Amino acid sequence: MKPSVRTTVIAGNWKMNMTPSAARDAVRETAALTAGKSGCEVVLCVPFVDIPAAVEAARGTNVKIGAQNVHFEKKGAFTGEISADMLLESGAEYVIVGHSERRQYFGETDETVNRRAKAALDAGLKVILCLGEVLAQRQAGITEEIVSLQTKLDLAGIPAEQMKDLIIAYEPVWAIGTGLTATPEQAEEVCAIIRRVLAGLYSPAVAEATTIQYGGSMNDGNAAQLLAKENVDGGLIGGASLVPAKFAKIVDAAQ
Ligand code: 13P
């Protein structure tokens with residue numbers, strides 16, 4: 001049983017998929033299929049240019065819209081970047097920071113992830129902060145050290161009062177887009193480690209109240225077992241979130 005102080009959040013990360021018109025249709029369909037499912041929060045994190053269409057399609061439904069990254073400066077000469085204020089005014093409520101694809105392909109470090117998280121929280125966005133070990137680290141038996149360090153570095157300087165607006169997504173990099181999923185036991189073990197780190201950084205109460213998602217090939221077939229674990233409070237879903245019927249089944253599993 002999960003403590004009732006925590007909100008279960010099922011979030012889709014569409015990555016670089018869907019044009020604005022496709023996004024409108026997919027949000028409408030997702031909203032229709034998840035209507036009335038009040039057992040969890042439902043979020044779709046969409047490409048920047050899809051945000052207006054997605055927000056419009058989600059209006060009056062239980063689907064919330066998020067972005068997939070945000071810059072740490074408020075404005076200025078940062079070609080190609082998007083600020084937290086821009087996201088807010090476009091209607092986004094959530095933003096992902098620190099996704100492993102950003103770290104792997106776009107040079108994000110714990111320092112830039114931390115700065116992005118701070119900027120987003122200060123502006124009033126809710127943050128989904130991703131972290132997780134790569135395969136070589138798991139095989140070397142240093143998952144706990146890696147995940148603990150990422151948690152500490154990525155949250156550095158974020159005060160306890162802002163933790164109510166921050167979700168941690170544990171995404172083992174070896175399970176992302178590979179079809180390989182952490183077992184429920186592996187997911188539980190690492191989510192519990194992250195919660196212990198939060199208790200040390202903040203307090204047991206903050207740790208107990210923080211939503212910790214699992215991400216990495218979560219789908220309609222394995223979601224129920226993963227979500228049944230005490231410390232797994234939701235999912236961040238890539239591939240399966242692109243198919244509203246599959247995503248809706250994951251939302252069902254969270255009820
Ligand atoms: P997949 O569900 O496609 O493995 O992606 C997970 C992920 O990266 C979510 O952010």
# chains A, B, ... in the order shown; residues from 1 in each chain; ligands from 1

$ select_by_dssp --residues "region 12-122 of chain A" --states "strand (DSSP E)" --output "list in words"
Gly12, Asn13, Glu41, Val42, Val43, Leu44, Cys45, Val63, Lys64, Ile65, Gly66, Ala67, Tyr94, Val95, Ile96 and Val97 of chain A

$ write_last_selection --atoms "C-alpha atoms" --output "short mmCIF file (atom, residue, chain, number, x, y, z; two decimals), in the first residue's frame"
data_model
loop_
_atom_site.label_atom_id
_atom_site.label_comp_id
_atom_site.auth_asym_id
_atom_site.auth_seq_id
_atom_site.Cartn_x
_atom_site.Cartn_y
_atom_site.Cartn_z
CA GLY A 12 3.56 10.21 -21.42
CA ASN A 13 6.77 11.43 -23.01
CA GLU A 41 -2.93 12.39 -12.59
CA VAL A 42 -2.62 12.05 -16.38
CA VAL A 43 0.04 14.10 -18.16
CA LEU A 44 1.28 14.20 -21.76
CA CYS A 45 4.67 15.81 -22.38
CA VAL A 63 -5.30 15.46 -19.19
CA LYS A 64 -2.53 17.91 -18.31
CA ILE A 65 0.10 19.03 -20.79
CA GLY A 66 3.82 19.26 -20.27
CA ALA A 67 6.98 20.03 -22.23
CA TYR A 94 4.68 20.27 -16.40
CA VAL A 95 8.16 19.96 -17.83
CA ILE A 96 10.58 17.04 -18.02
CA VAL A 97 14.22 17.81 -17.18
#

$ residues_around --residues "Gly221 (chain A)" --least-positions-apart "4" --cutoff "12 Å" --atoms "only C-alpha atoms" --output "mmCIF file with N, CA and C atoms, in the first residue's frame"
data_model
loop_
_atom_site.group_PDB
_atom_site.id
_atom_site.type_symbol
_atom_site.label_atom_id
_atom_site.label_comp_id
_atom_site.auth_asym_id
_atom_site.auth_seq_id
_atom_site.Cartn_x
_atom_site.Cartn_y
_atom_site.Cartn_z
ATOM 1 N N GLY A 179 12.672 -2.196 -24.936
ATOM 2 C CA GLY A 179 11.785 -3.322 -24.689
ATOM 3 C C GLY A 179 12.181 -4.082 -23.427
ATOM 4 N N THR A 181 12.580 -4.188 -19.555
ATOM 5 C CA THR A 181 12.018 -3.441 -18.431
ATOM 6 C C THR A 181 12.714 -3.893 -17.156
ATOM 7 N N SER A 217 10.313 1.367 -20.914
ATOM 8 C CA SER A 217 9.506 0.295 -21.506
ATOM 9 C C SER A 217 8.332 -0.135 -20.620
ATOM 10 N N GLN A 225 1.987 -4.589 -12.477
ATOM 11 C CA GLN A 225 2.951 -5.180 -11.526
ATOM 12 C C GLN A 225 3.942 -4.139 -11.003
ATOM 13 N N LEU A 226 4.369 -3.250 -11.914
ATOM 14 C CA LEU A 226 5.306 -2.205 -11.483
ATOM 15 C C LEU A 226 4.628 -1.242 -10.508
ATOM 16 N N LEU A 227 3.404 -0.836 -10.861
ATOM 17 C CA LEU A 227 2.695 0.163 -10.052
ATOM 18 C C LEU A 227 2.238 -0.400 -8.714
ATOM 19 N N ALA A 240 4.698 3.597 -25.542
ATOM 20 C CA ALA A 240 3.294 3.222 -25.338
ATOM 21 C C ALA A 240 2.388 4.440 -25.157
ATOM 22 N N LYS A 246 -3.269 2.152 -25.630
ATOM 23 C CA LYS A 246 -2.282 1.503 -24.741
ATOM 24 C C LYS A 246 -2.031 2.361 -23.503
ATOM 25 N N PHE A 247 -1.893 3.667 -23.745
ATOM 26 C CA PHE A 247 -1.634 4.580 -22.626
ATOM 27 C C PHE A 247 -2.809 4.544 -21.637
ATOM 28 N N ALA A 248 -4.018 4.495 -22.177
ATOM 29 C CA ALA A 248 -5.202 4.475 -21.314
ATOM 30 C C ALA A 248 -5.235 3.213 -20.453
ATOM 31 N N LYS A 249 -4.717 2.116 -20.997
ATOM 32 C CA LYS A 249 -4.680 0.884 -20.184
ATOM 33 C C LYS A 249 -3.691 1.030 -19.018
ATOM 34 N N ILE A 250 -2.617 1.771 -19.244
ATOM 35 C CA ILE A 250 -1.668 2.018 -18.138
ATOM 36 C C ILE A 250 -2.349 2.893 -17.082
ATOM 37 N N VAL A 251 -3.102 3.898 -17.543
ATOM 38 C CA VAL A 251 -3.877 4.727 -16.604
ATOM 39 C C VAL A 251 -4.863 3.846 -15.829
ATOM 40 N N ASP A 252 -5.495 2.899 -16.506
ATOM 41 C CA ASP A 252 -6.405 1.968 -15.830
ATOM 42 C C ASP A 252 -5.680 1.186 -14.738
ATOM 43 N N ALA A 253 -4.456 0.776 -15.053
ATOM 44 C CA ALA A 253 -3.682 -0.029 -14.095
ATOM 45 C C ALA A 253 -3.342 0.763 -12.842
#

$ residues_around --residues "Thr30 (chain A)" --least-positions-apart "4" --cutoff "9 Å" --atoms "only C-alpha atoms" --output "ChimeraX atom specification"
/A:25-26,34-35,63,243-245,247-248

$ write_last_selection --atoms "all heavy atoms" --output "tab-separated table (two decimals), in the first residue's frame"
chain	number	residue	atom	x	y	z
A	25	ASP	N	-5.40	15.27	-32.16
A	25	ASP	CA	-6.20	14.04	-32.20
A	25	ASP	C	-5.84	13.10	-31.05
A	25	ASP	O	-6.70	12.51	-30.41
A	25	ASP	CB	-5.99	13.31	-33.54
A	25	ASP	CG	-6.56	14.10	-34.71
A	25	ASP	OD1	-7.35	15.05	-34.46
A	25	ASP	OD2	-6.23	13.78	-35.87
A	26	ALA	N	-4.53	12.94	-30.82
A	26	ALA	CA	-4.09	11.99	-29.80
A	26	ALA	C	-4.48	12.45	-28.40
A	26	ALA	O	-4.84	11.63	-27.55
A	26	ALA	CB	-2.58	11.78	-29.90
A	34	THR	N	-9.54	8.23	-20.94
A	34	THR	CA	-9.15	8.29	-19.52
A	34	THR	C	-10.12	9.14	-18.70
A	34	THR	O	-9.86	9.41	-17.53
A	34	THR	CB	-7.71	8.83	-19.35
A	34	THR	OG1	-7.65	10.16	-19.90
A	34	THR	CG2	-6.69	7.96	-20.05
A	35	ALA	N	-11.22	9.55	-19.31
A	35	ALA	CA	-12.18	10.41	-18.60
A	35	ALA	C	-12.66	9.73	-17.32
A	35	ALA	O	-12.95	8.53	-17.33
A	35	ALA	CB	-13.36	10.71	-19.51
A	63	VAL	N	-6.67	15.59	-18.67
A	63	VAL	CA	-5.30	15.46	-19.19
A	63	VAL	C	-4.57	16.79	-19.01
A	63	VAL	O	-5.09	17.85	-19.35
A	63	VAL	CB	-5.30	15.06	-20.68
A	63	VAL	CG1	-3.89	15.07	-21.26
A	63	VAL	CG2	-5.94	13.69	-20.85
A	243	VAL	N	0.23	5.66	-28.34
A	243	VAL	CA	-0.98	4.95	-28.75
A	243	VAL	C	-2.01	5.12	-27.63
A	243	VAL	O	-1.88	4.50	-26.57
A	243	VAL	CB	-0.68	3.44	-28.96
A	243	VAL	CG1	-1.91	2.70	-29.46
A	243	VAL	CG2	0.51	3.27	-29.90
A	244	PRO	N	-3.00	6.02	-27.84
A	244	PRO	CA	-3.91	6.33	-26.73
A	244	PRO	C	-4.53	5.10	-26.06
A	244	PRO	O	-4.65	5.06	-24.83
A	244	PRO	CB	-4.98	7.20	-27.41
A	244	PRO	CG	-4.22	7.91	-28.50
A	244	PRO	CD	-3.24	6.88	-29.02
A	245	ALA	N	-4.87	4.07	-26.84
A	245	ALA	CA	-5.50	2.89	-26.22
A	245	ALA	C	-4.55	2.19	-25.26
A	245	ALA	O	-4.96	1.70	-24.21
A	245	ALA	CB	-5.96	1.93	-27.31
A	247	PHE	N	-1.89	3.67	-23.75
A	247	PHE	CA	-1.63	4.58	-22.63
A	247	PHE	C	-2.81	4.54	-21.64
A	247	PHE	O	-2.61	4.53	-20.42
A	247	PHE	CB	-1.41	5.99	-23.17
A	247	PHE	CG	-1.00	7.00	-22.13
A	247	PHE	CD1	0.24	6.93	-21.51
A	247	PHE	CD2	-1.85	8.05	-21.78
A	247	PHE	CE1	0.62	7.87	-20.56
A	247	PHE	CE2	-1.49	8.99	-20.83
A	247	PHE	CZ	-0.24	8.90	-20.22
A	248	ALA	N	-4.02	4.50	-22.18
A	248	ALA	CA	-5.20	4.48	-21.31
A	248	ALA	C	-5.24	3.21	-20.45
A	248	ALA	O	-5.70	3.25	-19.30
A	248	ALA	CB	-6.47	4.57	-22.16

$ closest_residue --among "A:Val134, A:Ile51, A:Ala123, A:Val173" --to "ligand 1" --atoms "only C-alpha atoms and all ligand atoms"
A:Val173

$ select_by_dssp --residues "region 5-201 of chain A" --states "helix (DSSP H, G or I)" --output "PyMOL selection string"
chain A and resi 20-34+48-58+84-89+100-105+110-123+135-139+143-154+160-165+173-175+184-201

$ write_last_selection --atoms "C-alpha atoms" --output "mmCIF file, in the first residue's frame"
data_model
loop_
_atom_site.group_PDB
_atom_site.id
_atom_site.type_symbol
_atom_site.label_atom_id
_atom_site.label_comp_id
_atom_site.auth_asym_id
_atom_site.auth_seq_id
_atom_site.Cartn_x
_atom_site.Cartn_y
_atom_site.Cartn_z
ATOM 1 C CA PRO A 20 0.394 19.575 -34.024
ATOM 2 C CA SER A 21 -2.611 18.120 -35.848
ATOM 3 C CA ALA A 22 -1.695 14.574 -34.815
ATOM 4 C CA ALA A 23 -1.172 15.833 -31.271
ATOM 5 C CA ARG A 24 -4.657 17.356 -31.193
ATOM 6 C CA ASP A 25 -6.204 14.043 -32.200
ATOM 7 C CA ALA A 26 -4.094 11.988 -29.803
ATOM 8 C CA VAL A 27 -4.832 14.262 -26.840
ATOM 9 C CA ARG A 28 -8.568 14.141 -27.605
ATOM 10 C CA GLU A 29 -8.501 10.369 -27.818
ATOM 11 C CA THR A 30 -6.421 9.995 -24.670
ATOM 12 C CA ALA A 31 -8.764 12.341 -22.805
ATOM 13 C CA ALA A 32 -11.838 10.410 -23.935
ATOM 14 C CA LEU A 33 -10.326 7.068 -22.933
ATOM 15 C CA THR A 34 -9.152 8.286 -19.517
ATOM 16 C CA PHE A 48 7.224 22.409 -27.934
ATOM 17 C CA VAL A 49 5.322 23.286 -31.102
ATOM 18 C CA ASP A 50 2.514 20.874 -30.184
ATOM 19 C CA ILE A 51 1.809 22.565 -26.852
ATOM 20 C CA PRO A 52 -0.878 25.053 -28.027
ATOM 21 C CA ALA A 53 -2.843 22.389 -29.923
ATOM 22 C CA ALA A 54 -2.464 19.896 -27.080
ATOM 23 C CA VAL A 55 -3.562 22.436 -24.457
ATOM 24 C CA GLU A 56 -6.597 23.361 -26.540
ATOM 25 C CA ALA A 57 -7.565 19.698 -26.981
ATOM 26 C CA ALA A 58 -7.033 18.963 -23.267
ATOM 27 C CA ALA A 84 9.895 28.530 -18.483
ATOM 28 C CA ASP A 85 7.733 31.649 -18.957
ATOM 29 C CA MET A 86 7.154 30.715 -22.599
ATOM 30 C CA LEU A 87 5.993 27.255 -21.550
ATOM 31 C CA LEU A 88 3.691 28.608 -18.865
ATOM 32 C CA GLU A 89 2.063 31.127 -21.176
ATOM 33 C CA SER A 100 18.681 10.442 -20.460
ATOM 34 C CA GLU A 101 18.348 11.299 -24.159
ATOM 35 C CA ARG A 102 19.148 14.929 -23.299
ATOM 36 C CA ARG A 103 22.084 13.791 -21.186
ATOM 37 C CA GLN A 104 23.311 11.297 -23.815
ATOM 38 C CA TYR A 105 22.832 13.225 -27.072
ATOM 39 C CA ASP A 110 23.761 17.186 -13.540
ATOM 40 C CA GLU A 111 24.627 20.871 -13.264
ATOM 41 C CA THR A 112 22.512 21.977 -16.236
ATOM 42 C CA VAL A 113 19.702 19.630 -15.210
ATOM 43 C CA ASN A 114 19.732 21.188 -11.750
ATOM 44 C CA ARG A 115 19.639 24.710 -13.204
ATOM 45 C CA ARG A 116 16.763 23.800 -15.516
ATOM 46 C CA ALA A 117 14.792 22.279 -12.641
ATOM 47 C CA LYS A 118 15.293 25.400 -10.532
ATOM 48 C CA ALA A 119 14.241 27.756 -13.324
ATOM 49 C CA ALA A 120 11.110 25.723 -13.999
ATOM 50 C CA LEU A 121 10.108 25.520 -10.320
ATOM 51 C CA ASP A 122 10.759 29.221 -9.768
ATOM 52 C CA ALA A 123 8.485 30.038 -12.711
ATOM 53 C CA LEU A 135 23.920 -0.637 -18.263
ATOM 54 C CA ALA A 136 27.654 -0.631 -17.492
ATOM 55 C CA GLN A 137 26.961 0.999 -14.135
ATOM 56 C CA ARG A 138 24.336 -1.607 -13.246
ATOM 57 C CA GLN A 139 26.666 -4.385 -14.299
ATOM 58 C CA THR A 143 23.523 1.640 -9.356
ATOM 59 C CA GLU A 144 22.909 2.830 -5.788
ATOM 60 C CA GLU A 145 25.911 5.158 -5.824
ATOM 61 C CA ILE A 146 25.065 6.589 -9.239
ATOM 62 C CA VAL A 147 21.385 7.177 -8.526
ATOM 63 C CA SER A 148 22.107 8.640 -5.079
ATOM 64 C CA LEU A 149 24.675 11.020 -6.525
ATOM 65 C CA GLN A 150 22.377 12.119 -9.361
ATOM 66 C CA THR A 151 19.564 12.745 -6.867
ATOM 67 C CA LYS A 152 21.798 14.910 -4.695
ATOM 68 C CA LEU A 153 23.378 16.869 -7.565
ATOM 69 C CA ASP A 154 20.147 17.368 -9.502
ATOM 70 C CA ALA A 160 11.911 21.570 0.682
ATOM 71 C CA GLU A 161 8.957 23.914 -0.013
ATOM 72 C CA GLN A 162 9.403 23.386 -3.764
ATOM 73 C CA MET A 163 9.517 19.594 -3.553
ATOM 74 C CA LYS A 164 5.717 19.413 -3.707
ATOM 75 C CA ASP A 165 6.046 20.483 -7.357
ATOM 76 C CA VAL A 173 18.883 3.948 -19.296
ATOM 77 C CA TRP A 174 19.203 0.310 -20.389
ATOM 78 C CA ALA A 175 15.417 -0.036 -20.227
ATOM 79 C CA PRO A 184 9.138 -4.764 -10.379
ATOM 80 C CA GLU A 185 11.685 -5.711 -7.697
ATOM 81 C CA GLN A 186 14.502 -3.777 -9.405
ATOM 82 C CA ALA A 187 12.248 -0.723 -9.872
ATOM 83 C CA GLU A 188 11.105 -0.904 -6.261
ATOM 84 C CA GLU A 189 14.644 -1.269 -4.957
ATOM 85 C CA VAL A 190 15.931 1.857 -6.729
ATOM 86 C CA CYS A 191 12.816 3.970 -6.070
ATOM 87 C CA ALA A 192 13.228 3.109 -2.369
ATOM 88 C CA ILE A 193 16.895 4.152 -2.519
ATOM 89 C CA ILE A 194 15.892 7.508 -4.035
ATOM 90 C CA ARG A 195 13.295 7.965 -1.287
ATOM 91 C CA ARG A 196 15.919 7.292 1.382
ATOM 92 C CA VAL A 197 18.189 9.906 -0.201
ATOM 93 C CA LEU A 198 15.286 12.393 -0.140
ATOM 94 C CA ALA A 199 14.715 11.665 3.541
ATOM 95 C CA GLY A 200 18.364 12.509 4.213
ATOM 96 C CA LEU A 201 18.407 15.623 2.038
#

$ atom_distance --atom1 "CA of Asn62 (chain A)" --atom2 "CA of Ile158 (chain A)"
28.6 Å

$ atom_distance --atom1 "atom 1 (P, counted along the ligand's line) of ligand 1" --atom2 "CA of Thr79 (chain A)"
28.7 Å

$ atom_distance --atom1 "CA of Phe78 (chain A)" --atom2 "CA of His99 (chain A)"
20.1 Å

$ decode --residues "region 220-249 of chain A" --atoms "N, CA and C atoms" --output "CSV table (one decimal), in the first residue's frame"
chain,number,residue,atom,x,y,z
A,220,ASP,N,1.2,-1.5,-21.4
A,220,ASP,CA,0.0,-2.0,-20.8
A,220,ASP,C,0.1,-3.4,-20.2
A,221,GLY,N,1.1,-4.1,-20.6
A,221,GLY,CA,1.3,-5.5,-20.1
A,221,GLY,C,2.0,-5.6,-18.8
A,222,ASN,N,2.9,-4.6,-18.5
A,222,ASN,CA,3.7,-4.7,-17.3
A,222,ASN,C,3.4,-3.7,-16.2
A,223,ALA,N,2.5,-2.7,-16.6
A,223,ALA,CA,2.3,-1.5,-15.7
A,223,ALA,C,1.7,-2.0,-14.3
A,224,ALA,N,0.8,-2.9,-14.3
A,224,ALA,CA,0.1,-3.2,-13.1
A,224,ALA,C,1.1,-3.7,-12.0
A,225,GLN,N,2.0,-4.6,-12.5
A,225,GLN,CA,3.0,-5.2,-11.5
A,225,GLN,C,3.9,-4.1,-11.0
A,226,LEU,N,4.4,-3.2,-11.9
A,226,LEU,CA,5.3,-2.2,-11.5
A,226,LEU,C,4.6,-1.2,-10.5
A,227,LEU,N,3.4,-0.8,-10.9
A,227,LEU,CA,2.7,0.2,-10.1
A,227,LEU,C,2.2,-0.4,-8.7
A,228,ALA,N,2.2,-1.7,-8.6
A,228,ALA,CA,1.8,-2.3,-7.3
A,228,ALA,C,2.9,-2.2,-6.2
A,229,LYS,N,4.1,-1.8,-6.7
A,229,LYS,CA,5.2,-1.7,-5.7
A,229,LYS,C,5.0,-0.5,-4.8
A,230,GLU,N,5.4,-0.6,-3.6
A,230,GLU,CA,5.1,0.5,-2.6
A,230,GLU,C,5.7,1.8,-3.0
A,231,ASN,N,7.0,1.7,-3.5
A,231,ASN,CA,7.7,3.0,-3.8
A,231,ASN,C,7.6,3.5,-5.2
A,232,VAL,N,6.8,2.8,-6.1
A,232,VAL,CA,6.6,3.2,-7.5
A,232,VAL,C,5.3,3.9,-7.6
A,233,ASP,N,5.4,5.2,-7.8
A,233,ASP,CA,4.1,6.0,-7.7
A,233,ASP,C,3.7,6.5,-9.1
A,234,GLY,N,3.9,5.7,-10.1
A,234,GLY,CA,3.5,6.2,-11.4
A,234,GLY,C,4.5,5.8,-12.5
A,235,GLY,N,4.3,6.3,-13.6
A,235,GLY,CA,5.2,5.9,-14.7
A,235,GLY,C,5.4,7.1,-15.7
A,236,LEU,N,6.6,7.0,-16.3
A,236,LEU,CA,6.9,8.0,-17.4
A,236,LEU,C,7.1,7.1,-18.6
A,237,ILE,N,6.2,7.3,-19.6
A,237,ILE,CA,6.0,6.3,-20.6
A,237,ILE,C,6.3,6.9,-22.0
A,238,GLY,N,7.2,6.2,-22.7
A,238,GLY,CA,7.6,6.7,-24.0
A,238,GLY,C,6.7,6.1,-25.1
A,239,GLY,N,7.2,5.1,-25.7
A,239,GLY,CA,6.6,4.4,-26.9
A,239,GLY,C,5.1,4.2,-26.7
A,240,ALA,N,4.7,3.6,-25.5
A,240,ALA,CA,3.3,3.2,-25.3
A,240,ALA,C,2.4,4.4,-25.2
A,241,SER,N,3.0,5.6,-24.9
A,241,SER,CA,2.1,6.8,-24.7
A,241,SER,C,1.7,7.4,-26.1
A,242,LEU,N,2.3,6.9,-27.2
A,242,LEU,CA,1.9,7.4,-28.5
A,242,LEU,C,0.6,6.7,-29.0
A,243,VAL,N,0.2,5.7,-28.3
A,243,VAL,CA,-1.0,4.9,-28.7
A,243,VAL,C,-2.0,5.1,-27.6
A,244,PRO,N,-3.0,6.0,-27.8
A,244,PRO,CA,-3.9,6.3,-26.7
A,244,PRO,C,-4.5,5.1,-26.1
A,245,ALA,N,-4.9,4.1,-26.8
A,245,ALA,CA,-5.5,2.9,-26.2
A,245,ALA,C,-4.5,2.2,-25.3
A,246,LYS,N,-3.3,2.2,-25.6
A,246,LYS,CA,-2.3,1.5,-24.7
A,246,LYS,C,-2.0,2.4,-23.5
A,247,PHE,N,-1.9,3.7,-23.7
A,247,PHE,CA,-1.6,4.6,-22.6
A,247,PHE,C,-2.8,4.5,-21.6
A,248,ALA,N,-4.0,4.5,-22.2
A,248,ALA,CA,-5.2,4.5,-21.3
A,248,ALA,C,-5.2,3.2,-20.5
A,249,LYS,N,-4.7,2.1,-21.0
A,249,LYS,CA,-4.7,0.9,-20.2
A,249,LYS,C,-3.7,1.0,-19.0
